[in-house]
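Q: As input, take my_file_12.cif (mmCIF, C-alpha atoms):
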```cif
data_upload
#
loop_
_atom_site.label_atom_id
_atom_site.label_comp_id
_atom_site.auth_asym_id
_atom_site.auth_seq_id
_atom_site.Cartn_x
_atom_site.Cartn_y
_atom_site.Cartn_z
CA MET A 1 -7.99 2.99 -2.07
CA ASN A 2 -4.37 3.65 -1.21
CA ARG A 3 -2.57 6.97 -1.44
CA THR A 4 -0.73 6.17 -4.68
CA ALA A 5 -4.02 5.41 -6.42
CA LEU A 6 -5.54 8.58 -5.04
CA ILE A 7 -2.62 10.66 -6.31
CA THR A 8 -2.87 8.91 -9.70
CA LEU A 9 -6.56 9.81 -9.89
CA GLU A 10 -5.83 13.41 -9.01
CA ILE A 11 -3.15 13.52 -11.70
CA ILE A 12 -5.67 12.17 -14.25
CA ILE A 13 -8.22 14.81 -13.36
CA ILE A 14 -5.66 17.61 -13.39
CA SER A 15 -4.30 16.29 -16.74
CA ILE A 16 -7.79 16.23 -18.27
CA VAL A 17 -8.47 19.77 -17.08
CA LEU A 18 -5.07 20.95 -18.34
CA MET A 19 -5.80 19.30 -21.69
CA PHE A 20 -9.03 21.30 -21.91
CA ILE A 21 -7.22 24.50 -20.99
CA ILE A 22 -4.35 23.95 -23.43
CA GLY A 23 -6.81 22.80 -26.12
CA THR A 24 -8.93 25.89 -25.61
CA TYR A 25 -5.88 28.11 -25.73
CA CYS A 26 -4.50 26.48 -28.89
CA ALA A 27 -7.86 26.47 -30.68
CA SER A 28 -9.13 29.95 -30.04
CA GLY A 29 -7.04 31.92 -27.62
CA PHE A 30 -7.46 32.14 -23.89
CA TYR A 31 -11.15 31.96 -22.97
CA TYR A 32 -12.68 33.06 -19.73
CA ASP A 33 -13.80 29.41 -19.47
CA ALA A 34 -10.21 28.31 -19.01
CA LEU A 35 -9.79 30.78 -16.19
CA ILE A 36 -12.99 29.50 -14.56
CA TRP A 37 -11.72 25.90 -14.75
CA VAL A 38 -8.50 26.88 -13.01
CA LEU A 39 -10.54 28.70 -10.36
CA LEU A 40 -12.78 25.65 -9.90
CA ILE A 41 -9.78 23.41 -9.26
CA ALA A 42 -8.31 25.93 -6.85
CA LEU A 43 -11.73 26.16 -5.16
CA GLY A 44 -11.84 22.35 -4.79
CA PHE A 45 -8.45 22.15 -3.13
CA GLY A 46 -9.18 25.25 -1.06
CA ALA A 47 -12.50 23.78 0.07
CA PHE A 48 -10.79 20.57 1.16
CA TYR A 49 -8.45 22.42 3.48
CA GLY A 50 -11.13 24.93 4.48
CA LEU A 51 -13.66 22.24 5.40
CA LYS A 52 -11.21 20.10 7.35
CA LYS A 53 -12.74 21.19 10.65
CA HIS A 54 -16.30 20.75 9.33
CA ASN A 55 -15.91 17.27 7.91
CA THR A 56 -19.34 15.91 8.87
CA PRO A 57 -21.58 13.44 7.02
CA THR A 58 -24.03 16.28 6.25
CA VAL A 59 -21.35 18.44 4.60
CA ARG A 60 -20.11 15.44 2.62
CA ARG A 61 -23.68 14.63 1.54
CA ILE A 62 -24.20 18.21 0.33
CA ILE A 63 -20.96 18.02 -1.68
CA ALA A 64 -22.06 14.69 -3.21
CA ILE A 65 -25.46 16.18 -4.17
CA LEU A 66 -23.74 19.20 -5.73
CA ALA A 67 -21.52 16.84 -7.72
CA VAL A 68 -24.57 14.97 -9.05
CA ILE A 69 -26.27 18.27 -9.95
CA ALA A 70 -23.12 19.47 -11.76
CA LEU A 71 -22.95 16.17 -13.63
CA GLY A 72 -26.65 16.44 -14.48
CA ILE A 73 -26.20 19.98 -15.82
CA SER A 74 -23.26 18.77 -17.85
CA PHE A 75 -25.18 15.86 -19.43
CA ALA A 76 -28.25 18.05 -19.98
CA GLY A 77 -26.01 20.49 -21.86
CA ILE A 78 -24.58 17.70 -23.97
CA LEU A 79 -27.96 16.11 -24.74
CA ILE A 80 -29.89 19.22 -25.70
CA ASP A 81 -26.85 20.78 -27.37
CA VAL A 82 -27.50 24.21 -25.85
CA PRO A 83 -24.90 25.67 -23.53
CA LEU A 84 -26.52 26.22 -20.16
CA LEU A 85 -24.75 29.42 -19.24
CA PRO A 86 -22.81 29.93 -17.11
CA ALA A 87 -22.37 26.17 -16.60
CA THR A 88 -21.37 24.80 -19.99
CA PRO A 89 -21.11 20.99 -20.28
CA ALA A 90 -17.33 20.98 -19.97
CA MET A 91 -17.43 23.24 -16.93
CA GLY A 92 -20.17 21.13 -15.36
CA LEU A 93 -18.07 18.03 -15.87
CA THR A 94 -14.99 19.68 -14.41
CA MET A 95 -16.95 20.94 -11.43
CA SER A 96 -18.46 17.51 -10.78
CA MET A 97 -15.02 15.87 -10.95
CA VAL A 98 -13.65 18.40 -8.47
CA LEU A 99 -16.62 17.86 -6.13
CA ILE A 100 -16.40 14.07 -6.34
CA LEU A 101 -12.71 14.21 -5.51
CA LEU A 102 -13.41 16.62 -2.66
CA HIS A 103 -16.10 14.29 -1.26
CA TRP A 104 -13.76 11.31 -1.53
CA ARG A 105 -10.83 13.02 0.19
CA MET A 106 -13.04 14.29 2.99
CA LYS A 107 -14.44 10.81 3.52
CA ASN A 108 -10.96 9.34 3.85
CA GLN A 109 -9.52 12.24 5.82
CA ASP A 110 -9.83 10.76 9.30
CA SER A 111 -9.20 7.14 8.39
CA ASP A 112 -5.83 5.59 7.71
CA ALA A 113 -6.71 5.25 4.02
CA GLY A 114 -4.05 7.71 2.94
CA MET A 115 -1.32 6.18 5.06
CA GLN A 116 1.66 4.72 3.23
CA ASP A 117 2.71 1.46 4.81
CA GLU A 118 4.89 -1.23 3.26
CA ARG A 119 1.89 -3.05 1.78
CA SER A 120 0.42 -0.01 0.05
CA LEU A 121 3.87 1.00 -1.21
CA ARG A 122 4.38 -2.49 -2.64
CA ILE A 123 0.94 -2.49 -4.24
CA GLY A 124 1.47 1.02 -5.62
CA THR A 125 4.79 0.07 -7.19
CA TYR A 126 3.51 -3.19 -8.68
CA GLY A 127 0.42 -1.46 -10.04
CA ILE A 128 2.57 1.06 -11.89
CA SER A 129 4.91 -1.69 -13.14
CA CYS A 130 2.03 -3.79 -14.48
CA SER A 131 0.58 -0.72 -16.19
CA TRP A 132 3.98 -0.03 -17.78
CA TYR A 133 4.16 -3.61 -19.12
CA LEU A 134 0.61 -3.36 -20.46
CA THR A 135 1.52 -0.11 -22.23
CA TYR A 136 4.61 -1.74 -23.69
CA VAL A 137 2.54 -4.65 -25.03
CA MET A 138 0.08 -2.14 -26.48
CA VAL A 139 2.92 -0.26 -28.21
CA ILE A 140 4.19 -3.51 -29.74
CA PHE A 141 0.65 -4.45 -30.82
CA LEU A 142 0.06 -1.06 -32.45
CA SER A 143 3.49 -1.13 -34.07
CA VAL A 144 2.85 -4.56 -35.61
CA ALA A 145 -0.72 -3.68 -36.59
CA ILE A 146 0.38 -0.44 -38.32
CA SER A 147 3.54 -1.84 -39.95
CA PHE A 148 2.28 -5.25 -41.08
CA GLY A 149 -1.48 -5.21 -40.69
CA GLY A 150 -2.09 -2.00 -42.60
CA MET A 151 -3.96 -0.46 -39.68
CA GLN A 152 -4.83 3.20 -40.18
CA ILE A 153 -4.71 5.19 -36.97
CA SER A 154 -3.90 8.83 -36.33
CA ALA A 155 -1.23 10.02 -33.91
CA ASN A 156 -3.93 11.86 -31.92
CA THR A 157 -5.87 8.63 -31.38
CA VAL A 158 -2.75 6.76 -30.27
CA LEU A 159 -1.90 9.53 -27.80
CA LEU A 160 -5.47 9.59 -26.47
CA VAL A 161 -5.41 5.81 -25.98
CA PHE A 162 -2.23 6.04 -23.93
CA ILE A 163 -3.35 9.11 -21.98
CA ILE A 164 -6.43 7.19 -20.85
CA MET A 165 -4.98 3.68 -20.64
CA MET A 166 -1.89 4.35 -18.52
CA PRO A 167 -3.49 5.95 -15.44
CA VAL A 168 -6.70 3.91 -15.63
CA SER A 169 -4.81 0.60 -15.86
CA THR A 170 -2.59 1.70 -12.94
CA ILE A 171 -5.66 2.33 -10.77
CA LEU A 172 -7.27 -0.97 -11.83
CA PHE A 173 -4.12 -2.99 -11.10
CA GLN A 174 -3.70 -1.30 -7.72
CA TYR A 175 -7.37 -1.91 -6.90
CA TYR A 176 -6.98 -5.59 -7.85
CA PHE A 177 -3.85 -6.07 -5.71
CA ASN A 178 -5.46 -4.22 -2.82
CA LYS A 179 -8.45 -6.56 -2.88
CA LYS A 180 -6.18 -9.58 -3.24
CA GLY A 181 -4.10 -8.53 -0.22
CA ASP A 182 -0.64 -8.84 -1.76
CA VAL A 183 1.03 -8.68 -5.14
CA TYR A 184 2.04 -12.34 -5.29
CA MET B 1 1.05 -18.86 4.85
CA TYR B 2 -0.68 -19.15 8.25
CA THR B 3 -0.24 -16.88 11.24
CA ARG B 4 -1.11 -16.90 14.93
CA ILE B 5 -1.34 -13.12 15.05
CA LYS B 6 -5.07 -13.10 15.84
CA GLU B 7 -4.67 -15.51 18.76
CA LEU B 8 -1.57 -13.79 20.18
CA ARG B 9 -3.05 -10.33 19.67
CA ALA B 10 -6.14 -11.35 21.64
CA ARG B 11 -3.90 -12.74 24.37
CA CYS B 12 -2.13 -9.37 24.61
CA GLY B 13 -5.47 -7.56 24.65
CA LEU B 14 -4.75 -5.58 21.50
CA THR B 15 -7.19 -4.65 18.76
CA GLN B 16 -6.24 -4.76 15.09
CA ALA B 17 -6.09 -0.96 15.01
CA GLU B 18 -3.85 -0.81 18.08
CA LEU B 19 -1.45 -3.40 16.69
CA ALA B 20 -1.43 -1.59 13.33
CA GLU B 21 -0.64 1.71 15.01
CA ARG B 22 2.17 0.22 17.09
CA VAL B 23 3.90 -1.36 14.10
CA GLY B 24 3.20 1.62 11.80
CA VAL B 25 0.95 0.02 9.21
CA ARG B 26 -2.68 0.37 8.16
CA ARG B 27 -5.31 -1.72 9.94
CA GLU B 28 -6.09 -3.30 6.58
CA THR B 29 -2.54 -4.69 6.49
CA VAL B 30 -3.08 -6.41 9.85
CA VAL B 31 -6.36 -7.87 8.53
CA PHE B 32 -4.58 -9.38 5.50
CA LEU B 33 -1.72 -10.58 7.73
CA GLU B 34 -4.15 -12.41 9.99
CA ARG B 35 -5.80 -14.02 6.99
CA GLY B 36 -2.37 -15.15 5.77
CA LYS B 37 -2.82 -13.26 2.52
CA TYR B 38 0.07 -10.85 2.97
CA ASN B 39 3.75 -11.74 3.28
CA PRO B 40 5.28 -9.13 5.60
CA SER B 41 8.80 -7.76 5.33
CA LEU B 42 11.36 -9.05 7.82
CA ARG B 43 11.21 -5.70 9.63
CA LEU B 44 7.43 -5.86 10.05
CA ALA B 45 7.53 -9.50 11.14
CA TYR B 46 10.21 -8.60 13.70
CA GLN B 47 8.20 -5.65 15.02
CA ILE B 48 5.10 -7.85 15.38
CA SER B 49 7.08 -10.52 17.20
CA MET B 50 8.47 -7.89 19.59
CA ILE B 51 5.02 -6.50 20.38
CA LEU B 52 3.41 -9.92 20.75
CA LYS B 53 6.45 -11.12 22.74
CA THR B 54 6.69 -14.29 20.68
CA PRO B 55 9.50 -15.50 18.38
CA ILE B 56 8.86 -15.02 14.66
CA ASP B 57 8.90 -18.75 13.94
CA GLU B 58 6.05 -19.23 16.39
CA ILE B 59 3.90 -16.60 14.68
CA PHE B 60 4.34 -17.26 10.96
CA PHE B 61 4.06 -20.69 9.34
CA PHE B 62 4.30 -21.66 5.73
CA ASP B 63 1.89 -24.13 4.15
CA ASP B 64 4.19 -27.12 4.58
CA GLU B 65 4.95 -26.57 8.27
CA PHE B 66 1.71 -25.43 9.88
CA PRO B 67 1.14 -27.88 12.74
CA GLN B 68 -2.68 -27.86 12.76
CA LYS B 69 -3.13 -27.93 9.02
CA ASP B 70 -1.40 -31.19 8.32
CA VAL B 71 -3.32 -32.58 5.36
CA ASN B 72 -1.55 -35.93 5.09
CA PRO B 73 -4.12 -38.60 4.27
#
```
Could I get this file's structure written as C-alpha coordinates?
A:
Amino acid sequence: MNRTALITLEIIIISIVLMFIIGTYCASGFYYDALIWVLLIALGFGAFYGLKKHNTPTVRRIIAILAVIALGISFAGILIDVPLLPATPAMGLTMSMVLILLHWRMKNQDSDAGMQDERSLRIGTYGISCSWYLTYVMVIFLSVAISFGGMQISANTVLLVFIIMMPVSTILFQYYFNKKGDVY
Amino acid sequence: MYTRIKELRARCGLTQAELAERVGVRRETVVFLERGKYNPSLRLAYQISMILKTPIDEIFFFDDEFPQKDVNP
(Lines of atoms letter the chains of each structure in order from A and count residues from 1; the text may use other names and numbers.)
(Lines give C-alpha, C1' and ligand atoms only; values in the text may rest on other atoms or scores of the structure.)
Protein backbone atom coordinates (compact mmCIF):
# COMPACT_ATOMS: atom_id res chain seq x y z
CA MET A 1 0.00 0.00 0.00
CA ASN A 2 1.37 3.41 -0.88
CA ARG A 3 2.04 6.26 1.51
CA THR A 4 -1.08 8.26 0.60
CA ALA A 5 -3.29 5.27 1.41
CA LEU A 6 -1.43 4.72 4.67
CA ILE A 7 -1.91 8.35 5.67
CA THR A 8 -5.61 8.12 4.70
CA LEU A 9 -6.00 5.07 6.93
CA GLU A 10 -4.30 6.83 9.81
CA ILE A 11 -6.60 9.82 9.34
CA ILE A 12 -9.64 7.48 9.44
CA ILE A 13 -8.49 5.88 12.67
CA ILE A 14 -7.65 9.22 14.27
CA SER A 15 -11.04 10.61 13.08
CA ILE A 16 -12.91 7.64 14.58
CA VAL A 17 -11.07 8.03 17.88
CA LEU A 18 -11.68 11.80 17.88
CA MET A 19 -15.37 11.14 17.18
CA PHE A 20 -15.51 8.90 20.26
CA ILE A 21 -13.74 11.52 22.35
CA ILE A 22 -15.93 14.40 21.16
CA GLY A 23 -19.04 12.21 21.46
CA THR A 24 -18.12 11.24 24.99
CA TYR A 25 -17.44 14.84 25.90
CA CYS A 26 -20.70 16.10 24.39
CA ALA A 27 -22.80 13.33 25.92
CA SER A 28 -21.59 13.25 29.48
CA GLY A 29 -18.60 15.43 30.11
CA PHE A 30 -14.97 14.45 29.89
CA TYR A 31 -14.51 10.83 30.95
CA TYR A 32 -11.29 9.23 32.03
CA ASP A 33 -11.93 6.89 29.07
CA ALA A 34 -11.33 9.73 26.64
CA LEU A 35 -8.02 10.47 28.29
CA ILE A 36 -7.06 6.80 28.07
CA TRP A 37 -7.87 6.75 24.33
CA VAL A 38 -5.62 9.75 23.75
CA LEU A 39 -2.88 8.03 25.76
CA LEU A 40 -3.32 4.83 23.73
CA ILE A 41 -2.85 6.70 20.46
CA ALA A 42 0.18 8.50 21.84
CA LEU A 43 1.50 5.13 23.06
CA GLY A 44 1.04 3.65 19.56
CA PHE A 45 2.98 6.41 17.85
CA GLY A 46 5.57 6.44 20.63
CA ALA A 47 6.00 2.67 20.35
CA PHE A 48 6.56 2.94 16.60
CA TYR A 49 9.46 5.33 17.06
CA GLY A 50 10.68 3.55 20.20
CA LEU A 51 10.72 0.13 18.54
CA LYS A 52 12.43 1.30 15.36
CA LYS A 53 15.71 -0.32 16.40
CA HIS A 54 13.95 -3.52 17.54
CA ASN A 55 11.87 -4.11 14.44
CA THR A 56 12.15 -7.91 14.33
CA PRO A 57 9.59 -10.51 13.21
CA THR A 58 9.18 -11.64 16.84
CA VAL A 59 8.32 -8.13 18.07
CA ARG A 60 5.90 -7.68 15.17
CA ARG A 61 4.29 -11.05 15.93
CA ILE A 62 3.82 -10.08 19.59
CA ILE A 63 2.18 -6.81 18.53
CA ALA A 64 -0.14 -8.70 16.13
CA ILE A 65 -1.12 -11.15 18.92
CA LEU A 66 -1.81 -8.24 21.29
CA ALA A 67 -4.01 -6.66 18.61
CA VAL A 68 -6.02 -9.88 18.25
CA ILE A 69 -6.38 -10.15 22.04
CA ALA A 70 -7.55 -6.50 22.25
CA LEU A 71 -10.04 -7.16 19.46
CA GLY A 72 -11.21 -10.33 21.23
CA ILE A 73 -11.72 -8.45 24.51
CA SER A 74 -13.63 -5.80 22.62
CA PHE A 75 -15.98 -8.30 20.93
CA ALA A 76 -16.38 -10.27 24.16
CA GLY A 77 -17.45 -7.03 25.86
CA ILE A 78 -19.94 -6.30 23.10
CA LEU A 79 -21.38 -9.83 23.04
CA ILE A 80 -21.87 -10.37 26.75
CA ASP A 81 -22.84 -6.73 27.30
CA VAL A 82 -20.70 -6.41 30.44
CA PRO A 83 -17.86 -3.91 30.43
CA LEU A 84 -14.64 -5.81 31.02
CA LEU A 85 -12.88 -3.25 33.13
CA PRO A 86 -10.50 -1.65 32.53
CA ALA A 87 -10.75 -2.64 28.85
CA THR A 88 -14.23 -1.60 27.77
CA PRO A 89 -15.28 -2.62 24.23
CA ALA A 90 -14.58 0.81 22.75
CA MET A 91 -11.16 0.96 24.38
CA GLY A 92 -10.37 -2.58 23.23
CA LEU A 93 -11.30 -1.63 19.69
CA THR A 94 -9.20 1.53 19.82
CA MET A 95 -6.26 -0.37 21.23
CA SER A 96 -6.51 -3.07 18.56
CA MET A 97 -6.64 -0.44 15.80
CA VAL A 98 -3.55 1.26 17.21
CA LEU A 99 -1.72 -2.08 17.46
CA ILE A 100 -2.70 -3.15 13.94
CA LEU A 101 -1.47 0.15 12.56
CA LEU A 102 1.74 -0.17 14.58
CA HIS A 103 2.31 -3.69 13.23
CA TRP A 104 1.67 -2.53 9.68
CA ARG A 105 4.02 0.46 9.88
CA MET A 106 6.77 -1.63 11.42
CA LYS A 107 6.40 -4.22 8.67
CA ASN A 108 6.78 -1.58 5.98
CA GLN A 109 9.47 0.41 7.78
CA ASP A 110 12.50 -1.01 5.99
CA SER A 111 10.91 -1.53 2.59
CA ASP A 112 10.28 1.17 0.02
CA ALA A 113 6.54 0.88 0.62
CA GLY A 114 6.29 4.38 2.05
CA MET A 115 8.32 5.98 -0.71
CA GLN A 116 6.55 8.55 -2.86
CA ASP A 117 7.52 8.11 -6.49
CA GLU A 118 5.67 9.46 -9.52
CA ARG A 119 3.53 6.33 -9.83
CA SER A 120 2.33 6.33 -6.22
CA LEU A 121 1.69 10.09 -6.39
CA ARG A 122 -0.38 9.60 -9.54
CA ILE A 123 -2.30 6.72 -8.01
CA GLY A 124 -2.85 8.66 -4.78
CA THR A 125 -4.22 11.67 -6.64
CA TYR A 126 -6.49 9.63 -8.91
CA GLY A 127 -7.78 7.63 -5.95
CA ILE A 128 -8.81 10.80 -4.16
CA SER A 129 -10.36 12.23 -7.36
CA CYS A 130 -12.41 9.09 -7.98
CA SER A 131 -13.57 9.11 -4.37
CA TRP A 132 -14.61 12.77 -4.76
CA TYR A 133 -16.65 11.93 -7.88
CA LEU A 134 -18.28 8.99 -6.12
CA THR A 135 -19.21 11.26 -3.21
CA TYR A 136 -20.65 13.80 -5.62
CA VAL A 137 -22.78 11.12 -7.30
CA MET A 138 -23.93 9.98 -3.86
CA VAL A 139 -24.91 13.56 -2.92
CA ILE A 140 -26.95 13.87 -6.13
CA PHE A 141 -28.57 10.48 -5.50
CA LEU A 142 -29.50 11.40 -1.92
CA SER A 143 -30.73 14.82 -3.01
CA VAL A 144 -33.01 13.31 -5.66
CA ALA A 145 -34.16 10.51 -3.37
CA ILE A 146 -35.04 12.95 -0.55
CA SER A 147 -36.58 15.66 -2.75
CA PHE A 148 -38.53 13.52 -5.22
CA GLY A 149 -38.55 10.00 -3.84
CA GLY A 150 -39.79 10.88 -0.38
CA MET A 151 -36.83 9.18 1.27
CA GLN A 152 -36.64 9.73 5.02
CA ILE A 153 -33.08 9.97 6.29
CA SER A 154 -31.61 11.86 9.21
CA ALA A 155 -28.71 14.30 8.92
CA ASN A 156 -26.68 12.10 11.29
CA THR A 157 -27.05 9.11 8.98
CA VAL A 158 -26.03 11.13 5.93
CA LEU A 159 -22.96 12.43 7.76
CA LEU A 160 -22.03 8.94 8.94
CA VAL A 161 -22.35 7.59 5.38
CA PHE A 162 -19.97 10.24 4.08
CA ILE A 163 -17.55 9.92 7.00
CA ILE A 164 -17.18 6.22 6.21
CA MET A 165 -17.57 6.30 2.43
CA MET A 166 -15.03 9.01 1.55
CA PRO A 167 -11.87 7.54 3.13
CA VAL A 168 -12.84 3.91 2.50
CA SER A 169 -13.55 4.55 -1.20
CA THR A 170 -10.24 6.45 -1.49
CA ILE A 171 -8.33 3.46 -0.11
CA LEU A 172 -10.24 1.02 -2.35
CA PHE A 173 -9.61 3.10 -5.49
CA GLN A 174 -5.93 3.47 -4.63
CA TYR A 175 -5.66 -0.26 -3.95
CA TYR A 176 -7.31 -1.02 -7.30
CA PHE A 177 -5.00 1.32 -9.26
CA ASN A 178 -1.98 -0.03 -7.41
CA LYS A 179 -2.85 -3.59 -8.43
CA LYS A 180 -3.60 -2.47 -11.98
CA GLY A 181 -0.22 -0.73 -12.28
CA ASP A 182 -1.41 2.62 -13.61
CA VAL A 183 -4.48 4.81 -13.55
CA TYR A 184 -5.29 4.50 -17.25
CA MET B 1 3.07 -0.47 -24.44
CA TYR B 2 6.13 -2.76 -24.59
CA THR B 3 9.57 -2.10 -23.16
CA ARG B 4 13.05 -3.56 -23.43
CA ILE B 5 13.95 -2.48 -19.91
CA LYS B 6 14.31 -6.05 -18.62
CA GLU B 7 16.68 -7.03 -21.43
CA LEU B 8 18.76 -3.83 -21.24
CA ARG B 9 18.84 -3.91 -17.45
CA ALA B 10 20.20 -7.46 -17.54
CA ARG B 11 22.80 -6.36 -20.08
CA CYS B 12 23.94 -3.60 -17.70
CA GLY B 13 24.00 -6.06 -14.80
CA LEU B 14 21.43 -4.16 -12.76
CA THR B 15 18.71 -5.59 -10.57
CA GLN B 16 15.22 -4.11 -10.44
CA ALA B 17 15.97 -2.64 -7.01
CA GLU B 18 19.22 -1.06 -8.20
CA LEU B 19 17.58 0.49 -11.25
CA ALA B 20 14.71 1.73 -9.07
CA GLU B 21 17.12 3.30 -6.61
CA ARG B 22 19.12 5.01 -9.35
CA VAL B 23 16.06 6.59 -10.97
CA GLY B 24 14.39 7.38 -7.62
CA VAL B 25 11.29 5.21 -7.84
CA ARG B 26 9.96 2.17 -5.99
CA ARG B 27 10.97 -1.29 -7.20
CA GLU B 28 7.28 -1.96 -7.83
CA THR B 29 7.28 0.85 -10.41
CA VAL B 30 10.13 -0.84 -12.31
CA VAL B 31 8.18 -4.14 -12.20
CA PHE B 32 5.11 -2.48 -13.77
CA LEU B 33 7.33 -0.65 -16.29
CA GLU B 34 8.88 -3.93 -17.42
CA ARG B 35 5.44 -5.48 -17.79
CA GLY B 36 4.39 -2.49 -19.91
CA LYS B 37 1.58 -1.68 -17.51
CA TYR B 38 2.84 1.74 -16.46
CA ASN B 39 3.34 4.77 -18.69
CA PRO B 40 6.32 6.67 -17.25
CA SER B 41 6.72 10.43 -17.27
CA LEU B 42 9.14 11.91 -19.80
CA ARG B 43 11.59 12.61 -16.97
CA LEU B 44 11.56 9.00 -15.76
CA ALA B 45 11.86 7.64 -19.31
CA TYR B 46 14.82 9.96 -19.89
CA GLN B 47 16.52 8.90 -16.65
CA ILE B 48 16.07 5.22 -17.55
CA SER B 49 17.48 5.79 -21.02
CA MET B 50 20.51 7.56 -19.52
CA ILE B 51 21.20 4.73 -17.08
CA LEU B 52 20.67 1.99 -19.66
CA LYS B 53 22.67 4.03 -22.21
CA THR B 54 20.03 3.51 -24.87
CA PRO B 55 17.84 6.09 -26.67
CA ILE B 56 14.25 6.33 -25.40
CA ASP B 57 12.77 5.20 -28.71
CA GLU B 58 14.74 1.97 -28.47
CA ILE B 59 13.41 1.20 -24.99
CA PHE B 60 9.70 2.04 -25.18
CA PHE B 61 7.38 0.88 -27.94
CA PHE B 62 3.69 1.40 -28.36
CA ASP B 63 1.37 -1.39 -29.46
CA ASP B 64 1.41 -0.38 -33.12
CA GLU B 65 5.19 -0.15 -33.49
CA PHE B 66 6.64 -3.02 -31.48
CA PRO B 67 8.84 -4.90 -33.96
CA GLN B 68 8.46 -8.42 -32.52
CA LYS B 69 4.76 -8.19 -31.82
CA ASP B 70 3.57 -7.60 -35.34
CA VAL B 71 0.20 -9.33 -35.43
CA ASN B 72 -0.58 -8.81 -39.11
CA PRO B 73 -2.21 -11.97 -40.46
Q: At a cut-off of 12 Å around the point (2.6, -16.1, 6.7) (file coordinates), what residues fall inside when counting only C-alpha atoms? I'd like the answer as an mmCIF file with C-alpha atoms, in the frame of the given file.
A:
```cif
data_model
loop_
_atom_site.group_PDB
_atom_site.id
_atom_site.type_symbol
_atom_site.label_atom_id
_atom_site.label_comp_id
_atom_site.auth_asym_id
_atom_site.auth_seq_id
_atom_site.Cartn_x
_atom_site.Cartn_y
_atom_site.Cartn_z
ATOM 1 C CA ASP A 182 -0.640 -8.840 -1.760
ATOM 2 C CA MET B 1 1.050 -18.860 4.850
ATOM 3 C CA TYR B 2 -0.680 -19.150 8.250
ATOM 4 C CA THR B 3 -0.240 -16.880 11.240
ATOM 5 C CA ARG B 4 -1.110 -16.900 14.930
ATOM 6 C CA ILE B 5 -1.340 -13.120 15.050
ATOM 7 C CA VAL B 30 -3.080 -6.410 9.850
ATOM 8 C CA PHE B 32 -4.580 -9.380 5.500
ATOM 9 C CA LEU B 33 -1.720 -10.580 7.730
ATOM 10 C CA GLU B 34 -4.150 -12.410 9.990
ATOM 11 C CA ARG B 35 -5.800 -14.020 6.990
ATOM 12 C CA GLY B 36 -2.370 -15.150 5.770
ATOM 13 C CA LYS B 37 -2.820 -13.260 2.520
ATOM 14 C CA TYR B 38 0.070 -10.850 2.970
ATOM 15 C CA ASN B 39 3.750 -11.740 3.280
ATOM 16 C CA PRO B 40 5.280 -9.130 5.600
ATOM 17 C CA SER B 41 8.800 -7.760 5.330
ATOM 18 C CA LEU B 42 11.360 -9.050 7.820
ATOM 19 C CA LEU B 44 7.430 -5.860 10.050
ATOM 20 C CA ALA B 45 7.530 -9.500 11.140
ATOM 21 C CA ILE B 56 8.860 -15.020 14.660
ATOM 22 C CA ASP B 57 8.900 -18.750 13.940
ATOM 23 C CA GLU B 58 6.050 -19.230 16.390
ATOM 24 C CA ILE B 59 3.900 -16.600 14.680
ATOM 25 C CA PHE B 60 4.340 -17.260 10.960
ATOM 26 C CA PHE B 61 4.060 -20.690 9.340
ATOM 27 C CA PHE B 62 4.300 -21.660 5.730
ATOM 28 C CA ASP B 63 1.890 -24.130 4.150
ATOM 29 C CA ASP B 64 4.190 -27.120 4.580
ATOM 30 C CA GLU B 65 4.950 -26.570 8.270
ATOM 31 C CA PHE B 66 1.710 -25.430 9.880
#
```
Q: Go through A:Ile41, A:Asp117, A:Met106, A:Val68 one by one, measure the shortest atom-to-atom distance of each to Arg26 (chain B) using only C-alpha atoms, and give the residue with the smallest value.
A: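 Comparing A:Ile41, A:Asp117, A:Met106, A:Val68 against Arg26 (chain B), the winner is A:Asp117.
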Q: Compile the contact shell of Val25 (chain B) as a list in words: residues with an atom at most 9 Å away, counting only C-alpha atoms, same-chain residues fewer than 5 positions apart removed.
A: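 So the residues in contact are Asp112, Met115, Gln116, Asp117, Glu118 and Arg119 of chain A; Leu19, Ala20, Val30 and Leu44 of chain B.
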Q: Between CA of Val137 (chain A) and CA of Ala155 (chain A), what is the spacing in Å?
A: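 One can read the CA of Ala155 (chain A) to CA of Val137 (chain A) distance as 17.6 Å.
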Q: Do you have the CA of Ala145 (chain A)-CA of Gln174 (chain A) distance handy?
A: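 Result for CA of Ala145 (chain A) versus CA of Gln174 (chain A): 29.1 Å, one decimal.
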Q: Between CA of Val183 (chain A) and CA of Val139 (chain A), what is the spacing in Å?
A: 24.6 Å
